[in-house]
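Have a look at input_35.cif below; it lists mmCIF, C-alpha atoms.
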data_my_file
#
loop_
_atom_site.label_atom_id
_atom_site.label_comp_id
_atom_site.auth_asym_id
_atom_site.auth_seq_id
_atom_site.Cartn_x
_atom_site.Cartn_y
_atom_site.Cartn_z
CA MET A 1 0.00 0.00 0.00
CA SER A 2 1.43 3.41 -0.96
CA ASN A 3 1.97 6.25 1.48
CA GLN A 4 -0.56 8.38 -0.42
CA MET A 5 -3.32 5.73 0.01
CA LEU A 6 -2.51 5.46 3.69
CA LEU A 7 -2.87 9.20 4.11
CA TYR A 8 -6.27 9.10 2.39
CA ILE A 9 -7.50 6.38 4.78
CA MET A 10 -6.26 8.25 7.87
CA GLY A 11 -7.81 11.49 6.62
CA GLY A 12 -11.15 9.79 5.95
CA ALA A 13 -11.14 8.15 9.40
CA GLY A 14 -10.34 11.46 11.06
CA GLY A 15 -13.09 13.24 9.15
CA LEU A 16 -15.59 10.50 10.09
CA PHE A 17 -14.58 10.83 13.75
CA VAL A 18 -15.15 14.62 13.62
CA VAL A 19 -18.61 14.08 12.06
CA ILE A 20 -19.58 11.54 14.74
CA LEU A 21 -18.36 13.87 17.48
CA LEU A 22 -20.35 16.80 16.10
CA ALA A 23 -23.46 14.63 15.76
CA TYR A 24 -23.09 13.49 19.38
CA PHE A 25 -22.88 17.07 20.70
CA LEU A 26 -25.86 18.15 18.58
CA ILE A 27 -28.04 15.23 19.77
CA ALA A 28 -27.01 15.75 23.41
CA LYS A 29 -27.86 19.44 23.19
CA LYS A 30 -31.23 18.65 21.63
CA LEU A 31 -32.06 16.08 24.33
CA ASN A 32 -31.15 18.51 27.09
CA LYS A 33 -33.68 20.98 25.71
CA SER A 34 -36.42 18.34 25.25
CA GLU A 35 -38.68 16.51 27.68
CA TYR A 36 -36.28 13.58 27.79
CA LYS A 37 -34.12 15.08 30.52
CA ARG A 38 -37.16 15.92 32.64
CA ILE A 39 -38.47 12.37 32.32
CA GLN A 40 -35.11 10.99 33.39
CA GLU A 41 -35.13 13.23 36.44
CA LEU A 42 -38.61 12.03 37.35
CA GLN A 43 -37.54 8.39 37.01
CA LYS A 44 -34.64 8.80 39.43
CA GLY A 45 -35.33 7.07 42.73
CA THR A 46 -38.37 5.20 41.38
CA LYS A 47 -36.53 2.15 40.07
CA SER A 48 -35.71 -0.70 42.40
CA ASN A 49 -33.21 -3.47 41.80
CA THR A 50 -34.62 -5.67 44.56
CA PHE A 51 -37.56 -8.08 44.32
CA SER A 52 -40.93 -6.43 45.02
CA THR A 53 -44.12 -8.34 45.77
CA GLU A 54 -46.11 -5.21 44.90
CA ILE A 55 -44.83 -5.31 41.31
CA LEU A 56 -45.27 -9.09 41.17
CA TYR A 57 -48.97 -8.86 42.12
CA GLN A 58 -49.52 -6.10 39.55
CA LYS A 59 -48.01 -8.28 36.82
CA LEU A 60 -49.98 -11.32 37.96
CA TYR A 61 -53.17 -9.26 37.78
CA VAL A 62 -52.56 -8.65 34.06
CA LYS A 63 -51.75 -12.34 33.52
CA TYR A 64 -54.91 -13.50 35.31
CA LEU A 65 -57.05 -11.29 33.07
CA LYS A 66 -55.85 -13.31 30.06
CA VAL A 67 -57.01 -16.65 31.54
CA PRO A 68 -60.79 -17.10 30.91
CA LEU A 69 -61.72 -18.99 34.10
CA LEU A 70 -59.46 -16.98 36.41
CA LYS A 71 -60.70 -13.74 34.83
CA ARG A 72 -64.23 -14.45 36.09
CA TYR A 73 -63.10 -14.91 39.69
CA LEU A 74 -60.70 -11.96 39.49
CA LEU A 75 -63.37 -9.53 38.29
CA LYS A 76 -65.84 -10.80 40.89
CA LEU A 77 -63.24 -10.26 43.60
CA ARG A 78 -62.36 -6.85 42.20
CA ARG A 79 -65.96 -5.62 42.35
CA ARG A 80 -66.08 -6.41 46.06
CA LEU A 81 -62.74 -4.83 46.89
CA GLU A 82 -63.54 -1.65 44.93
CA ILE A 83 -66.08 -0.75 47.61
CA ILE A 84 -63.60 -1.14 50.47
CA ASN A 85 -60.76 0.61 48.61
CA VAL A 86 -62.95 3.46 47.28
CA ASP A 87 -61.86 3.09 43.62
CA ASP A 88 -58.12 3.07 44.41
CA GLU A 89 -57.01 1.23 41.27
CA TYR A 90 -53.51 0.30 42.42
CA ILE A 91 -54.58 -1.15 45.79
CA THR A 92 -57.61 -2.88 44.26
CA ARG A 93 -55.44 -4.65 41.68
CA ARG A 94 -52.85 -5.57 44.29
CA ASP A 95 -55.38 -7.01 46.75
CA SER A 96 -57.32 -8.85 44.03
CA SER A 97 -54.19 -10.46 42.65
CA ARG A 98 -52.83 -11.32 46.09
CA MET A 99 -56.06 -13.00 47.25
CA LEU A 100 -56.46 -14.99 44.04
CA THR A 101 -52.80 -16.07 44.14
CA ARG A 102 -53.14 -17.33 47.71
CA THR A 103 -56.30 -19.20 46.78
CA LEU A 104 -54.55 -20.90 43.86
CA LEU A 105 -51.58 -21.83 46.07
CA VAL A 106 -54.00 -23.76 48.29
CA LEU A 107 -56.29 -25.28 45.67
CA VAL A 108 -53.75 -26.31 43.02
CA PRO A 109 -51.96 -28.79 45.34
CA ILE A 110 -55.36 -30.14 46.46
CA ALA A 111 -56.40 -30.59 42.80
CA VAL A 112 -53.12 -32.37 41.98
CA LEU A 113 -53.54 -34.64 45.02
CA THR A 114 -57.12 -35.38 43.95
CA VAL A 115 -55.99 -36.40 40.46
CA ILE A 116 -53.25 -38.65 41.87
CA ILE A 117 -55.57 -40.39 44.35
CA THR A 118 -58.63 -40.78 42.10
CA HIS A 119 -56.96 -41.36 38.70
CA THR A 120 -58.52 -44.83 38.54
CA ASN A 121 -62.04 -43.45 39.05
CA THR A 122 -62.73 -40.87 36.36
CA LEU A 123 -66.24 -40.01 37.51
CA LEU A 124 -65.20 -39.39 41.11
CA MET A 125 -62.20 -37.36 39.97
CA GLY A 126 -64.41 -35.16 37.76
CA ILE A 127 -66.92 -34.54 40.55
CA LEU A 128 -64.18 -33.63 43.02
CA LEU A 129 -62.49 -31.23 40.59
CA ILE A 130 -65.82 -29.49 39.90
CA PHE A 131 -66.43 -29.34 43.64
CA GLU A 132 -63.03 -27.68 44.14
CA LEU A 133 -63.98 -24.96 41.67
CA PHE A 134 -66.76 -23.94 44.05
CA MET A 135 -64.21 -23.84 46.85
CA ILE A 136 -62.55 -20.86 45.18
CA ASP A 137 -65.58 -18.73 46.04
CA THR A 138 -65.33 -19.89 49.65
CA PHE A 139 -61.66 -18.98 49.99
CA ILE A 140 -62.28 -15.61 48.35
CA ASP A 141 -65.23 -14.91 50.68
CA GLY A 142 -63.05 -15.74 53.66
CA MET A 143 -60.31 -13.34 52.58
CA VAL A 144 -62.76 -10.52 51.88
CA ASP A 145 -64.41 -11.16 55.27
CA LYS A 146 -61.02 -10.84 56.92
CA LYS A 147 -60.33 -7.55 55.16
CA ASP A 148 -63.79 -6.27 56.10
CA ASN A 149 -63.18 -7.22 59.75
CA GLU A 150 -59.91 -5.28 59.70
CA LEU A 151 -61.76 -2.26 58.31
CA LEU A 152 -64.33 -2.53 61.11
CA LYS A 153 -61.61 -2.61 63.77
CA GLN A 154 -59.92 0.39 62.19
CA GLN A 155 -63.20 2.30 62.37
CA ILE A 156 -63.14 2.18 66.18
CA ASP A 157 -59.78 3.98 66.29
CA PHE A 158 -60.94 6.26 63.48
CA PHE A 159 -64.05 7.37 65.38
CA SER A 160 -61.99 7.87 68.51
CA GLU A 161 -59.71 10.26 66.60
CA ILE A 162 -62.80 11.98 65.17
CA ARG A 163 -64.01 12.77 68.69
CA HIS A 164 -60.68 14.36 69.65
CA ALA A 165 -60.50 16.35 66.39
CA TYR A 166 -64.10 17.56 66.82
CA HIS A 167 -63.30 18.86 70.29
CA GLU A 168 -60.35 20.76 68.80
CA TYR A 169 -61.93 22.23 65.64
CA ASN A 170 -65.66 22.09 66.49
CA MET A 171 -66.35 21.52 62.77
CA VAL A 172 -67.48 18.18 61.39
CA GLU A 173 -65.82 18.36 57.98
CA GLU A 174 -62.54 19.68 59.40
CA ALA A 175 -62.41 16.93 62.03
CA ILE A 176 -62.99 14.25 59.35
CA TYR A 177 -60.37 15.79 57.07
CA GLN A 178 -57.66 15.92 59.73
CA THR A 179 -58.34 12.37 60.89
CA SER A 180 -58.29 11.02 57.33
CA GLN A 181 -54.70 12.10 56.70
CA ASP A 182 -53.36 8.74 57.91
CA ASP A 183 -52.78 6.90 54.62
CA GLU A 184 -51.80 3.62 56.31
CA MET A 185 -55.38 2.75 57.28
CA ASP A 186 -58.03 1.63 54.78
CA VAL A 187 -60.70 3.53 56.67
CA SER A 188 -58.90 6.80 55.90
CA ARG A 189 -60.02 6.52 52.28
CA GLN A 190 -63.61 6.18 53.49
CA GLY A 191 -63.11 9.31 55.60
CA GLU A 192 -61.79 11.22 52.59
CA LYS A 193 -64.83 10.11 50.60
CA ILE A 194 -67.21 11.34 53.32
CA TYR A 195 -65.30 14.63 53.50
CA GLU A 196 -65.69 15.12 49.74
CA ILE A 197 -69.42 14.48 50.11
CA LEU A 198 -69.79 17.09 52.86
CA ILE A 199 -68.02 19.85 50.89
CA SER A 200 -69.65 19.04 47.54
CA ASP A 201 -72.20 21.30 45.86
CA ASP A 202 -75.00 18.75 46.30
CA PRO A 203 -74.10 16.71 49.42
CA GLU A 204 -77.55 15.14 49.72
CA THR A 205 -77.32 13.50 46.28
CA GLU A 206 -73.72 12.43 46.84
CA LEU A 207 -74.72 10.95 50.20
CA GLU A 208 -77.41 8.84 48.55
CA LYS A 209 -74.81 7.54 46.11
CA TYR A 210 -72.47 6.69 48.97
CA TYR A 211 -75.21 4.69 50.70
CA ASP A 212 -75.18 2.31 47.72
CA VAL A 213 -71.44 1.60 47.90
CA ALA A 214 -70.59 1.93 51.62
CA PRO A 215 -68.77 -1.18 52.95
CA ASN A 216 -70.97 -1.46 56.06
CA SER A 217 -73.97 0.11 57.74
CA PHE A 218 -71.86 1.84 60.41
CA LEU A 219 -70.15 4.09 57.86
CA LYS A 220 -73.58 4.87 56.41
CA GLU A 221 -74.79 5.99 59.84
CA PHE A 222 -71.66 8.03 60.43
CA ALA A 223 -71.94 9.75 57.04
CA GLY A 224 -75.61 10.51 57.71
CA ILE A 225 -75.15 12.08 61.14
CA SER A 226 -72.11 14.03 59.90
CA TYR A 227 -74.20 15.50 57.07
CA LEU A 228 -77.09 16.41 59.42
CA THR A 229 -74.73 17.98 61.94
CA LYS A 230 -72.99 20.04 59.25
CA GLU A 231 -76.27 21.22 57.72
CA PHE A 232 -78.30 21.93 60.87
CA GLY A 233 -75.61 22.29 63.52
CA ASP A 234 -74.88 20.41 66.70
CA ARG A 235 -76.93 20.75 69.88
CA LYS A 236 -76.44 19.87 73.53
CA VAL A 237 -78.28 17.00 75.18
CA ASP A 238 -77.63 16.63 78.93
CA LYS A 239 -74.73 19.09 78.53
CA ALA A 240 -73.07 16.85 75.94
CA SER A 241 -72.72 17.05 72.18
CA LEU A 242 -75.42 15.10 70.33
CA TYR A 243 -72.98 14.41 67.47
CA LEU A 244 -70.41 12.85 69.81
CA LYS A 245 -73.14 10.82 71.55
CA ASN A 246 -74.23 9.39 68.22
CA ILE A 247 -70.62 8.47 67.40
CA ASN A 248 -70.34 6.73 70.79
CA ASN A 249 -73.51 4.75 70.04
CA ILE A 250 -72.14 3.67 66.65
CA THR A 251 -68.85 2.66 68.28
CA GLN A 252 -70.68 0.47 70.81
CA GLU A 253 -72.61 -1.21 67.99
CA MET A 254 -69.35 -1.86 66.14
CA GLN A 255 -67.76 -3.41 69.23
CA LEU A 256 -70.72 -5.78 69.60
CA GLU A 257 -70.47 -6.66 65.90
CA ILE A 258 -66.74 -7.40 66.24
CA LEU A 259 -67.38 -9.65 69.24
CA LYS A 260 -70.07 -11.51 67.29
CA ARG A 261 -67.78 -12.04 64.31
CA ASP A 262 -64.88 -13.19 66.50
CA LYS A 263 -67.18 -15.70 68.18
CA LEU A 264 -68.40 -17.00 64.83
CA ASP A 265 -64.83 -17.35 63.58
CA TYR A 266 -63.87 -19.25 66.72
CA VAL A 267 -66.86 -21.61 66.62
CA PHE A 268 -66.53 -22.39 62.91
CA GLN A 269 -62.72 -22.34 62.84
CA SER A 270 -61.51 -24.75 60.13
CA LEU A 271 -64.93 -26.43 60.12
CA SER A 272 -65.46 -25.75 56.42
CA VAL A 273 -62.17 -27.45 55.52
CA ILE A 274 -62.88 -30.38 57.85
CA ALA A 275 -66.20 -30.92 56.05
CA ILE A 276 -64.31 -31.53 52.79
CA VAL A 277 -61.56 -33.83 54.08
CA PRO A 278 -63.74 -37.02 54.21
CA VAL A 279 -64.40 -36.74 50.48
CA LEU A 280 -60.68 -36.95 49.70
CA LEU A 281 -60.46 -40.18 51.72
CA LEU A 282 -63.14 -42.03 49.74
CA GLU A 283 -60.73 -43.59 47.23
CA PRO A 284 -57.98 -44.57 49.75
CA LEU A 285 -60.63 -46.14 52.01
CA LYS A 286 -62.07 -48.07 49.06
CA ASN A 287 -58.64 -49.40 48.02
CA TRP A 288 -57.85 -50.43 51.60
CA ALA A 289 -61.17 -52.28 52.01
CA VAL A 290 -60.86 -54.10 48.68
CA SER A 291 -57.25 -55.13 49.32
CA ASN A 292 -57.99 -56.47 52.83
CA PHE A 293 -61.52 -57.85 52.40
CA ASN A 294 -62.20 -59.50 49.03
CA PHE A 295 -65.94 -59.70 49.59
CA THR A 296 -66.20 -55.85 49.49
CA GLN A 297 -65.44 -55.90 45.75
CA ASN A 298 -69.07 -56.86 45.09
CA PHE A 299 -70.10 -53.56 46.63
CA TYR A 300 -67.39 -51.10 45.54
CA HIS A 301 -67.07 -52.34 41.95
CA GLY A 302 -70.80 -52.36 41.30
CA LYS A 303 -73.52 -49.75 40.86
CA SER A 304 -74.31 -49.75 44.58
CA GLY A 305 -70.81 -48.60 45.48
CA MET A 306 -70.84 -45.81 42.92
CA ILE A 307 -74.27 -44.60 44.05
CA ALA A 308 -73.10 -44.63 47.68
CA GLN A 309 -70.03 -42.53 46.78
CA ILE A 310 -72.14 -40.00 44.88
CA ILE A 311 -74.57 -39.72 47.82
CA ILE A 312 -71.65 -39.10 50.19
CA LEU A 313 -70.38 -36.39 47.83
CA LEU A 314 -73.79 -34.70 47.75
CA ILE A 315 -74.16 -34.85 51.54
CA THR A 316 -70.66 -33.40 51.96
CA PHE A 317 -71.41 -30.62 49.47
CA VAL A 318 -74.68 -29.70 51.23
CA SER A 319 -72.98 -29.78 54.64
CA TYR A 320 -70.21 -27.57 53.33
CA ILE A 321 -72.66 -25.00 51.94
CA LEU A 322 -74.71 -24.98 55.16
CA THR A 323 -71.56 -24.48 57.22
CA ARG A 324 -70.60 -21.49 55.08
CA LYS A 325 -74.10 -20.03 55.41
CA LEU A 326 -74.03 -20.37 59.19
CA LYS A 327 -70.61 -18.77 59.41
CA ASP A 328 -71.57 -15.90 57.09
CA ASN A 329 -71.83 -12.69 59.11
CA GLY A 330 -73.41 -10.68 56.30
CA SER A 331 -70.41 -8.37 56.00
CA THR A 332 -69.84 -9.27 52.35
CA ALA A 333 -73.48 -9.38 51.31
CA ILE A 334 -72.79 -7.02 48.44
CA ASN A 335 -74.32 -7.31 45.01
CA THR A 336 -71.43 -8.19 42.71
CA GLN A 337 -73.57 -9.20 39.74
CA SER A 338 -72.50 -7.77 36.43
CA GLU A 339 -74.75 -5.31 34.62
CA HIS A 340 -74.76 -7.65 31.64
CA PRO A 341 -74.90 -11.20 33.05
CA TRP A 342 -74.43 -14.38 31.06
CA GLN A 343 -78.22 -14.84 30.82
CA GLU A 344 -78.52 -11.62 28.83
CA LYS A 345 -75.65 -12.55 26.51
CA LEU A 346 -77.13 -16.01 25.92
CA TYR A 347 -80.62 -14.63 25.29
CA LYS A 348 -79.29 -12.28 22.61
CA LYS A 349 -78.27 -15.25 20.47
CA PRO A 350 -81.02 -15.68 17.84
CA LEU A 351 -81.35 -19.47 18.10
CA PHE A 352 -81.50 -19.58 21.88
CA LYS A 353 -83.85 -16.56 21.93
CA LYS A 354 -86.37 -18.45 19.79
CA ILE A 355 -86.20 -21.46 22.10
CA VAL A 356 -86.66 -19.36 25.26
CA ASP A 357 -89.56 -17.39 23.77
CA LEU A 358 -91.42 -20.67 23.27
CA PHE A 359 -91.47 -21.24 27.05
CA ILE A 360 -92.11 -17.69 28.24
CA PRO A 361 -95.84 -17.09 28.88
CA LYS A 362 -97.50 -14.44 26.77
CA LYS A 363 -97.80 -10.96 28.23
CA GLY A 364 -101.14 -10.28 29.84
CA THR A 365 -101.84 -13.93 30.65
CA LYS A 366 -102.48 -15.22 34.16
CA GLU A 367 -99.24 -17.23 34.17
CA TYR A 368 -97.18 -14.19 33.14
CA ARG A 369 -98.67 -12.01 35.89
CA LYS A 370 -98.11 -14.78 38.44
CA VAL A 371 -94.40 -15.17 37.60
CA GLN A 372 -93.94 -11.39 37.49
CA GLN A 373 -95.52 -11.01 40.93
CA LEU A 374 -93.28 -13.75 42.35
CA LEU A 375 -90.21 -11.91 41.05
CA LYS A 376 -91.41 -8.69 42.70
CA ASP A 377 -92.17 -10.43 46.00
CA ALA A 378 -88.67 -11.97 46.02
CA ALA A 379 -87.08 -8.57 45.20
CA SER A 380 -85.22 -10.31 42.40
CA LYS A 381 -83.34 -8.36 39.76
CA LEU A 382 -83.90 -11.10 37.21
CA LYS A 383 -85.92 -10.27 34.14
CA MET A 384 -88.57 -12.66 32.88
CA GLU A 385 -86.31 -13.73 30.01
CA TRP A 386 -83.34 -14.33 32.32
CA LEU A 387 -85.48 -16.46 34.63
CA TYR A 388 -86.45 -18.81 31.80
CA VAL A 389 -82.87 -18.89 30.56
CA ASN A 390 -81.93 -20.19 34.03
CA ARG A 391 -84.70 -22.76 33.98
CA ILE A 392 -83.87 -24.09 30.52
CA SER A 393 -80.13 -24.15 31.26
CA LEU A 394 -80.73 -26.03 34.51
CA ALA A 395 -82.97 -28.54 32.72
CA ILE A 396 -80.33 -29.14 30.03
CA ILE A 397 -77.53 -29.56 32.58
CA THR A 398 -79.66 -31.93 34.69
CA LEU A 399 -80.49 -34.02 31.60
CA MET A 400 -76.83 -34.23 30.55
CA VAL A 401 -75.65 -35.16 34.06
CA SER A 402 -78.38 -37.80 34.36
CA VAL A 403 -77.47 -39.35 31.00
CA VAL A 404 -73.78 -39.44 31.93
CA LEU A 405 -74.49 -40.99 35.33
CA PHE A 406 -76.83 -43.68 34.00
CA ALA A 407 -74.41 -44.48 31.18
CA GLN A 408 -71.59 -44.79 33.73
CA PHE A 409 -73.72 -47.02 35.96
CA HIS A 410 -74.55 -49.26 33.01
CA LYS A 411 -70.90 -49.42 31.96
CA VAL A 412 -69.79 -50.33 35.49
CA ALA A 413 -72.43 -53.06 35.71
CA ILE A 414 -71.38 -54.59 32.37
CA GLU A 415 -67.67 -54.45 33.14
CA TYR A 416 -68.16 -56.03 36.54
CA VAL A 417 -70.11 -58.94 35.03
CA TYR A 418 -67.18 -59.68 32.71
CA THR A 419 -64.48 -59.15 35.33
CA GLU A 420 -66.26 -60.44 38.47
CA PRO A 421 -63.67 -62.40 40.49
CA THR A 422 -64.44 -65.98 41.46
CA THR A 423 -63.69 -66.93 45.04
CA ASP A 424 -64.54 -69.75 47.41
CA TYR A 425 -64.40 -67.46 50.39
CA ASP A 426 -67.88 -67.01 51.84
CA ILE A 427 -67.79 -65.18 55.13
CA ILE A 428 -71.49 -65.76 55.91
CA ARG A 429 -71.46 -69.51 55.21
CA LYS A 430 -68.19 -69.89 57.14
CA PHE A 431 -69.67 -68.05 60.11
CA VAL A 432 -72.78 -70.31 60.07
CA ARG A 433 -70.66 -73.48 59.94
CA LYS A 434 -68.52 -72.27 62.82
CA ARG A 435 -71.61 -71.54 64.97
CA SER A 436 -73.11 -74.96 64.18
CA LYS A 437 -69.88 -76.73 65.23
CA GLU A 438 -69.80 -74.76 68.48
CA SER A 439 -73.42 -75.69 69.23
CA ARG A 440 -72.60 -79.40 68.83
#

Can you give me the file's structure in the form of structure tokens?
Amino acid sequence: MSNQMLLYIMGGAGGLFVVILLAYFLIAKKLNKSEYKRIQELQKGTKSNTFSTEILYQKLYVKYLKVPLLKRYLLKLRRRLEIINVDDEYITRRDSSRMLTRTLLVLVPIAVLTVIITHTNTLLMGILLIFELFMIDTFIDGMVDKKDNELLKQQIDFFSEIRHAYHEYNMVEEAIYQTSQDDEMDVSRQGEKIYEILISDDPETELEKYYDVAPNSFLKEFAGISYLTKEFGDRKVDKASLYLKNINNITQEMQLEILKRDKLDYVFQSLSVIAIVPVLLLEPLKNWAVSNFNFTQNFYHGKSGMIAQIIILLITFVSYILTRKLKDNGSTAINTQSEHPWQEKLYKKPLFKKIVDLFIPKKGTKEYRKVQQLLKDAASKLKMEWLYVNRISLAIITLMVSVVLFAQFHKVAIEYVYTEPTTDYDIIRKFVRKRSKESR
């Protein structure tokens, strides 16, 4: 390579370096003047290199929304928590994801254990897995009950702080505002909501709206007396503030409610789980009996054994539901039904709509008025069309389950005839012979 060519290459490289350097300074100057630098400043201190469960639950929330079955439970749980969290999106997502994750951590191992134990009995395995789906609602109800109980206990301290603040400021809205500044308590968000209602342009309308979404009746009472005191003023009764007396009465009612809930939790502690355990032992007990006593095969491998197992499952399911009803303290009796339920979506399908219309009585007839009156008496939100969608769906499901059960019974009976073991062991005849020899 000649010296002249080498100089050309070095000159070109130097020129390219100068161009890159100028471009770098121009871009850096442009970025400093743009929003990029401000965004970087805002991001400082917000990034964490350590593991965060808060971020994990937020990511799991998005993942659960993509799974059809889990999405249903997640949205149902979210609607209940929205009332307690007063539309705080971040906390609602976090709590929903956390509760559903804990439920899955309990139920997934139980489902795996059920499959391992009952893999030889497909029908029993299917019934148990369906039964465990209903258990998700129970676990979710328990977690929401626990959160509602925590909110109720926080309200006692909250009302105590309200009394002290009212003595200091002698203004209802100011006392609620100052007490609600503690962001660590869930009840503080309820206090902020009540404060916003009191200072709004139309507090009476806003108060009516709050009555529909308040987590419990005690907050409704507190919001009501706070509004009346702000509008019409406080007055003295026996040289004491009527507003503070009403708060004391609400606090006493809350303490009685907490004692009642604690007693219910103690009495029914783990009783719901204990009611399910016998069902999981059906298959191990059957295998043990068959392996140790050959004559029990006639029962367990026939239709009688299968019918007995299904009856035990039904009794266990009913006992489990009754136990949950007895333990229910009414704290989560909130309407979480969607505005557009599955009955409405199914009825909109042309084919199913024609079928349902065939069963719905004509308007103006005696049967139509009778059904309509029954819906009114029951205070049901179901429409006439939704009611008959439920009836037809239940009839179809019952028919399918019946056909499957009878087909399974018939299959078991046929298989047992072909595979019935032959044995000379007759426990009854042997017992009779032994008694006759003893009598001689």

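With only C-alpha atoms as the atoms that count, the minimum distance from Glu415 in chain A to the choices A:Lys303, A:Arg261, A:Lys146, A:Lys220 is reached by A:Lys303.
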
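With all atoms listed in the file as the atoms that count, the minimum distance from Thr118 in chain A to the choices A:Ile311, A:Lys366, A:Leu282, A:Gln343 is reached by A:Leu282.
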
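Counting from CA of Leu271 in chain A, the distance to CA of Thr114 in chain A is 20.1 Å.
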
Selected by the PyMOL selection byres ((chain A and resi 88-94) around 12) in the shown coordinates: which residues, as a CSV table (one decimal) with C-alpha atoms, in the frame of the given file?
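Below you can see result-v4.csv, which holds the result:
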chain,number,residue,atom,x,y,z
A,52,SER,CA,-40.9,-6.4,45.0
A,53,THR,CA,-44.1,-8.3,45.8
A,54,GLU,CA,-46.1,-5.2,44.9
A,55,ILE,CA,-44.8,-5.3,41.3
A,56,LEU,CA,-45.3,-9.1,41.2
A,57,TYR,CA,-49.0,-8.9,42.1
A,58,GLN,CA,-49.5,-6.1,39.6
A,59,LYS,CA,-48.0,-8.3,36.8
A,60,LEU,CA,-50.0,-11.3,38.0
A,61,TYR,CA,-53.2,-9.3,37.8
A,62,VAL,CA,-52.6,-8.6,34.1
A,63,LYS,CA,-51.8,-12.3,33.5
A,64,TYR,CA,-54.9,-13.5,35.3
A,65,LEU,CA,-57.0,-11.3,33.1
A,74,LEU,CA,-60.7,-12.0,39.5
A,75,LEU,CA,-63.4,-9.5,38.3
A,76,LYS,CA,-65.8,-10.8,40.9
A,77,LEU,CA,-63.2,-10.3,43.6
A,78,ARG,CA,-62.4,-6.8,42.2
A,79,ARG,CA,-66.0,-5.6,42.4
A,80,ARG,CA,-66.1,-6.4,46.1
A,81,LEU,CA,-62.7,-4.8,46.9
A,82,GLU,CA,-63.5,-1.6,44.9
A,83,ILE,CA,-66.1,-0.8,47.6
A,84,ILE,CA,-63.6,-1.1,50.5
A,85,ASN,CA,-60.8,0.6,48.6
A,86,VAL,CA,-63.0,3.5,47.3
A,87,ASP,CA,-61.9,3.1,43.6
A,95,ASP,CA,-55.4,-7.0,46.8
A,96,SER,CA,-57.3,-8.8,44.0
A,97,SER,CA,-54.2,-10.5,42.6
A,98,ARG,CA,-52.8,-11.3,46.1
A,99,MET,CA,-56.1,-13.0,47.2
A,100,LEU,CA,-56.5,-15.0,44.0
A,101,THR,CA,-52.8,-16.1,44.1
A,144,VAL,CA,-62.8,-10.5,51.9
A,184,GLU,CA,-51.8,3.6,56.3
A,186,ASP,CA,-58.0,1.6,54.8
A,189,ARG,CA,-60.0,6.5,52.3
A,190,GLN,CA,-63.6,6.2,53.5
A,193,LYS,CA,-64.8,10.1,50.6

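Of the listed residues A:Gln155, A:Ser393, A:Gln181, A:Ser188, the one whose atoms come nearest to Phe222 in chain A is A:Gln155, with distances taken using only C-alpha atoms.
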
**Prompt:** If we count only C-alpha atoms, what is near Thr251 in chain A at a cut-off of 9 Å, once residues fewer than 2 positions away on the same chain are taken out, given as number ranges by chain?
**Reply:** A: 155-156, 159-160, 218, 246-249, 253-256

What would the file look like if the residues just selected were written as a short mmCIF file (atom, residue, chain, number, x, y, z; two decimals), in the coordinates of the input with C-alpha atoms?
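Full text of part_27.cif as output:
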data_model
loop_
_atom_site.label_atom_id
_atom_site.label_comp_id
_atom_site.auth_asym_id
_atom_site.auth_seq_id
_atom_site.Cartn_x
_atom_site.Cartn_y
_atom_site.Cartn_z
CA GLN A 155 -63.20 2.30 62.37
CA ILE A 156 -63.14 2.18 66.18
CA PHE A 159 -64.05 7.37 65.38
CA SER A 160 -61.99 7.87 68.51
CA PHE A 218 -71.86 1.84 60.41
CA ASN A 246 -74.23 9.39 68.22
CA ILE A 247 -70.62 8.47 67.40
CA ASN A 248 -70.34 6.73 70.79
CA ASN A 249 -73.51 4.75 70.04
CA GLU A 253 -72.61 -1.21 67.99
CA MET A 254 -69.35 -1.86 66.14
CA GLN A 255 -67.76 -3.41 69.23
CA LEU A 256 -70.72 -5.78 69.60
#

**Request:** Quote the spacing between CA of Lys362 in chain A and CA of Tyr388 in chain A in Å to one decimal place.
**Result:** 12.9 Å

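Going from CA of Gly191 in chain A to CA of Ile162 in chain A covers 9.9 Å.
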
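When the PyMOL selection byres ((chain A and resi 139) around 10) is run on the displayed coordinates, the residues it returns are Met99, Leu100, Arg102, Thr103, Leu104, Val106, Leu107, Phe134, Met135, Ile136, Asp137, Thr138, Ile140, Asp141, Gly142, Met143, Val144 and Asp145 of chain A.
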
**Request:** Would you translate the PyMOL selection byres ((chain A and resi 179) around 12) into the concrete set of residues it matches in this file, as a ChimeraX atom specification?
**Result:** /A:155,157-166,168-169,172-178,180-185,187-192,194-195

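If you measure from each of A:Met171, A:Leu313, A:Ile258, A:Ala275 to Asp234 in chain A using only C-alpha atoms, the closest one turns out to be A:Met171.
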
Can you pull out every residue within 10 Å of Met125 in chain A, counting only C-alpha atoms, but drop anything in the same chain fewer than 4 positions away, and send it as a short mmCIF file (atom, residue, chain, number, x, y, z; two decimals) with C-alpha atoms, keeping the file's coordinate frame?
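Generated file (out27.cif):
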data_model
loop_
_atom_site.label_atom_id
_atom_site.label_comp_id
_atom_site.auth_asym_id
_atom_site.auth_seq_id
_atom_site.Cartn_x
_atom_site.Cartn_y
_atom_site.Cartn_z
CA ALA A 111 -56.40 -30.59 42.80
CA THR A 114 -57.12 -35.38 43.95
CA VAL A 115 -55.99 -36.40 40.46
CA ILE A 116 -53.25 -38.65 41.87
CA ILE A 117 -55.57 -40.39 44.35
CA THR A 118 -58.63 -40.78 42.10
CA HIS A 119 -56.96 -41.36 38.70
CA THR A 120 -58.52 -44.83 38.54
CA ASN A 121 -62.04 -43.45 39.05
CA LEU A 129 -62.49 -31.23 40.59
CA ILE A 130 -65.82 -29.49 39.90
CA PHE A 131 -66.43 -29.34 43.64
CA LEU A 280 -60.68 -36.95 49.70
CA GLU A 283 -60.73 -43.59 47.23
#
